[in-house]
Amino acid sequence: MQYVTLKNGIKMPQLGFGVYQIEKDICERCVLDALQVGYRHIDTAQAYENEEEVGSAVKKSGLARKDVFITSKIFIQNYGYEQTKKAVALSLERLQTDYIDLMLIHQPFGDYYGAWKAFEELYDKGILKSIGVSNFYPDRLVDLCCYSRISPMVNQIETHPLHQQVEAQKWMEKYGVQIEAWAPFGQGRGGLFTNPIIAEIGKKYGKTVAQVMLRWELQRGIVVIPKSTHIERMKENFDVFDFELSAEDMAKMATLDTKVGFSQPPHNTPEGVEKFAQLAAKRKLK
């Protein structure tokens with residue numbers, strides 16, 4: 001396993017297992033499978049509604065709590081100083097743990113400054129070992145970095161060969177924020193799994209298209225959290241540490257960038273803000 005070191009000194013596994021859209025009735029089994037394969041970083045969120053299953057799987061795995069890096073996120077309706085403290089307490093209860101390795105603000109809307117103040121306090125107490133954000137465009141990220149006592153350690157954003165986030169990564173590097181990809185395969189859109197350039201590179205190394213995409217992201221210093229419900233695919237995604245793409249192949253991958261993401265509408269548009277306001281209005285603290 002490779003690790004990145006966050007600016008607070010915490011070591012974070014660079015390859016993790018994501019549980020977005022994994023149903024509750026199979027999530028525990030999937031996380032147990034992932035831990036059996038060798039994953040030591042599990043990424044969940046309150047909005048995924050499967051924190052309980054993640055916590056149960058970690059407990060049943062027999063692994064020491066310190067050996068599993070757990071990430072979760074709070075959603076918009078739980079922002080604000082007091083509300084966020086309550087929400088974090090609920091996540092701790094569901095995850096069956098007294099600390100969370102990394103807690104993220106899921107979206108850059110609403111009272112995320114109030115939420116961040118709560119994060120800072122919980123970080124000072126050691127309840128949150130690291131704190132960060134998700135889906136923050138460079139302007140919102142820099143704003144938070146400039147006006148917070150403790151600046152974000154991670155920004156989890158849509159990143160894949162068709163949306164490479166080169167400019168966003170430059171701004172993160174300037175402020176010491178670790179980039180993390182929540183869609184390392186672009187959710188299979190845009191023909192990525194049948195892309196001839198990636199397939200050709202894969203043949204050269206005897207690797208699959210998925211493995212090439214993950215390797216390319218790892219070499220860019222990106223934390224990746226691929227998801228699968230099949231243990232065979234989990235093993236395939238984990239088998240990416242025994243080869244390295246050449247500079248020529250990295251350059252070929254760079255040509256695939258369209259600079260356009262699949263999030264519709266984009267988060268930084270009025271329509272995007274309205275969409276997430278509507279989602280938050282439908283949710284309660286849970």
# chains A, B, ... in the order shown; residues from 1 in each chain; ligands from 1
>>> residues_around(residues="Leu92 in chain A", least_positions_apart="3", cutoff="12 Å", atoms="only C-alpha atoms", output="MDAnalysis selection string")
chainID A and resid 45:46 51:52 54:55 70:74 85:89 95:103 122 127:128
>>> residues_around(residues="Gly221 in chain A", least_positions_apart="3", cutoff="9 Å", atoms="only C-alpha atoms", output="list in words")
Val4, Gln14, Gln178, Ile179, Glu180, Glu217 and Leu218 of chain A
>>> atom_distance(atom1="CA of Gln165 in chain A", atom2="CA of Thr255 in chain A")
12.9 Å
>>> closest_residue(among="A:Gly188, A:Gly80, A:Gly9, A:Gly272", to="Ser130 in chain A", atoms="only C-alpha atoms")
A:Gly9
>>> select_by_dssp(residues="range 146-284 of chain A", states="strand (DSSP E)", output="list of chain:residue names")
A:Val154, A:Asn155, A:Gln156, A:Ile157, A:Gln178, A:Ile179, A:Glu180, A:Ala181, A:Val223, A:Val224
>>> residues_around(residues="Val58 in chain A", least_positions_apart="3", cutoff="10 Å", atoms="only C-alpha atoms", output="JSON list (two decimals) with C-alpha atoms, in the first residue's frame")
[["chain", "number", "residue", "atom", "x", "y", "z"],
["A", 28, "GLU", "CA", -21.30, -4.85, 5.14],
["A", 31, "VAL", "CA", -16.57, -3.75, 3.06],
["A", 32, "LEU", "CA", -15.56, -7.05, 4.67],
["A", 35, "LEU", "CA", -10.72, -5.40, 3.97],
["A", 40, "ARG", "CA", -7.33, -0.16, 4.67],
["A", 42, "ILE", "CA", -13.02, 3.02, 3.58],
["A", 53, "GLU", "CA", -22.82, -1.15, 7.74],
["A", 54, "VAL", "CA", -19.30, 0.24, 7.37],
["A", 55, "GLY", "CA", -18.88, 0.41, 11.14],
["A", 61, "SER", "CA", -13.09, -7.70, 10.37],
["A", 62, "GLY", "CA", -10.93, -8.34, 13.43],
["A", 63, "LEU", "CA", -8.61, -5.52, 12.39],
["A", 64, "ALA", "CA", -7.47, -3.02, 14.96],
["A", 65, "ARG", "CA", -9.30, 0.30, 14.64],
["A", 67, "ASP", "CA", -5.31, 0.00, 11.05],
["A", 68, "VAL", "CA", -8.42, 1.15, 9.14],
["A", 70, "ILE", "CA", -12.33, 5.79, 7.83],
["A", 95, "LEU", "CA", -19.57, 3.88, 12.76],
["A", 96, "GLN", "CA", -19.07, 2.43, 16.28],
["A", 97, "THR", "CA", -15.93, 4.45, 16.86]]
>>> residues_around(residues="Tyr39 in chain A", least_positions_apart="2", cutoff="10 Å", atoms="only C-alpha atoms", output="PyMOL selection string")
chain A and resi 1+13+15-17+31-37+41-42+68-69+225+234-235+238
>>> residues_around(residues="range 196-210 of chain A", least_positions_apart="5", cutoff="8 Å", atoms="only C-alpha atoms", output="ChimeraX atom specification")
/A:185,237,243,249,252-253
>>> write_last_selection(atoms="all heavy atoms", output="CSV table (one decimal), in the first residue's frame")
chain,number,residue,atom,x,y,z
A,185,PHE,N,-13.0,6.3,-12.1
A,185,PHE,CA,-13.3,5.7,-13.4
A,185,PHE,C,-14.4,6.6,-14.2
A,185,PHE,O,-14.9,6.1,-15.2
A,185,PHE,CB,-13.9,4.3,-13.2
A,185,PHE,CG,-12.9,3.4,-12.5
A,185,PHE,CD1,-13.4,2.5,-11.6
A,185,PHE,CD2,-11.6,3.3,-12.8
A,185,PHE,CE1,-12.6,1.6,-11.0
A,185,PHE,CE2,-10.7,2.5,-12.2
A,185,PHE,CZ,-11.2,1.6,-11.3
A,237,ASN,N,-8.6,-4.0,-8.9
A,237,ASN,CA,-8.4,-2.6,-8.6
A,237,ASN,C,-7.2,-2.4,-7.6
A,237,ASN,O,-6.6,-1.3,-7.6
A,237,ASN,CB,-9.6,-1.9,-8.0
A,237,ASN,CG,-10.7,-1.8,-9.0
A,237,ASN,OD1,-10.5,-1.9,-10.2
A,237,ASN,ND2,-12.0,-1.6,-8.6
A,243,PHE,N,3.5,-1.9,-11.2
A,243,PHE,CA,4.0,-1.4,-12.5
A,243,PHE,C,3.9,0.1,-12.4
A,243,PHE,O,3.3,0.7,-11.5
A,243,PHE,CB,3.1,-1.9,-13.6
A,243,PHE,CG,1.7,-1.3,-13.8
A,243,PHE,CD1,1.4,-0.5,-14.8
A,243,PHE,CD2,0.7,-1.6,-12.8
A,243,PHE,CE1,0.1,0.1,-14.9
A,243,PHE,CE2,-0.5,-1.1,-12.9
A,243,PHE,CZ,-0.8,-0.2,-14.0
A,249,ASP,N,3.5,7.5,-21.7
A,249,ASP,CA,2.1,7.0,-21.5
A,249,ASP,C,1.3,8.0,-20.6
A,249,ASP,O,0.1,8.2,-20.8
A,249,ASP,CB,2.1,5.6,-20.9
A,249,ASP,CG,2.6,4.5,-21.8
A,249,ASP,OD1,2.4,4.7,-23.0
A,249,ASP,OD2,3.3,3.6,-21.4
A,252,LYS,N,0.2,10.5,-22.9
A,252,LYS,CA,-0.9,10.1,-23.7
A,252,LYS,C,-2.2,10.2,-22.9
A,252,LYS,O,-3.3,10.6,-23.5
A,252,LYS,CB,-0.7,8.6,-24.2
A,252,LYS,CG,0.3,8.4,-25.2
A,252,LYS,CD,0.4,6.9,-25.6
A,252,LYS,CE,1.5,6.7,-26.6
A,252,LYS,NZ,1.7,5.2,-26.9
A,253,MET,N,-2.2,9.8,-21.7
A,253,MET,CA,-3.4,10.0,-20.8
A,253,MET,C,-3.8,11.4,-20.7
A,253,MET,O,-5.0,11.7,-20.7
A,253,MET,CB,-3.1,9.4,-19.4
A,253,MET,CG,-2.9,7.9,-19.4
A,253,MET,SD,-4.4,6.9,-19.8
A,253,MET,CE,-5.4,7.3,-18.4
>>> closest_residue(among="A:Ile22, A:Thr229, A:Lys125, A:Pro108", to="Asp143 in chain A", atoms="only C-alpha atoms")
A:Pro108
>>> closest_residue(among="A:Lys7, A:Lys227, A:Glu167, A:Val260", to="Thr44 in chain A", atoms="only C-alpha atoms")
A:Lys227
>>> residues_around(residues="Asn135 in chain A", least_positions_apart="3", cutoff="8 Å", atoms="only C-alpha atoms", output="MDAnalysis selection string")
chainID A and resid 106:108 155:158 267
>>> write_last_selection(atoms="N, CA, C and O atoms", output="compact mmCIF listing (two decimals), in the first residue's frame")
# COMPACT_ATOMS: atom_id res chain seq x y z
N HIS A 106 -19.46 17.88 2.64
CA HIS A 106 -19.78 17.19 1.38
C HIS A 106 -20.00 18.13 0.20
O HIS A 106 -19.68 17.77 -0.94
N GLN A 107 -20.57 19.31 0.43
CA GLN A 107 -20.89 20.23 -0.66
C GLN A 107 -20.62 21.67 -0.20
O GLN A 107 -20.81 22.00 0.97
N PRO A 108 -20.26 22.56 -1.14
CA PRO A 108 -19.90 23.94 -0.78
C PRO A 108 -21.09 24.88 -0.73
O PRO A 108 -21.08 25.97 -1.32
N ASN A 155 -9.40 17.70 -0.40
CA ASN A 155 -10.56 18.10 -1.20
C ASN A 155 -10.88 16.94 -2.13
O ASN A 155 -10.08 16.59 -3.00
N GLN A 156 -12.04 16.33 -1.92
CA GLN A 156 -12.45 15.18 -2.72
C GLN A 156 -13.35 15.68 -3.85
O GLN A 156 -14.42 16.21 -3.61
N ILE A 157 -12.90 15.50 -5.09
CA ILE A 157 -13.61 16.05 -6.25
C ILE A 157 -13.68 15.03 -7.39
O ILE A 157 -12.95 14.04 -7.39
N GLU A 158 -14.55 15.29 -8.34
CA GLU A 158 -14.65 14.43 -9.52
C GLU A 158 -13.34 14.53 -10.33
O GLU A 158 -12.98 15.60 -10.82
N HIS A 267 -21.68 22.12 -9.98
CA HIS A 267 -21.87 22.70 -8.65
C HIS A 267 -21.76 24.22 -8.65
O HIS A 267 -22.38 24.88 -7.81
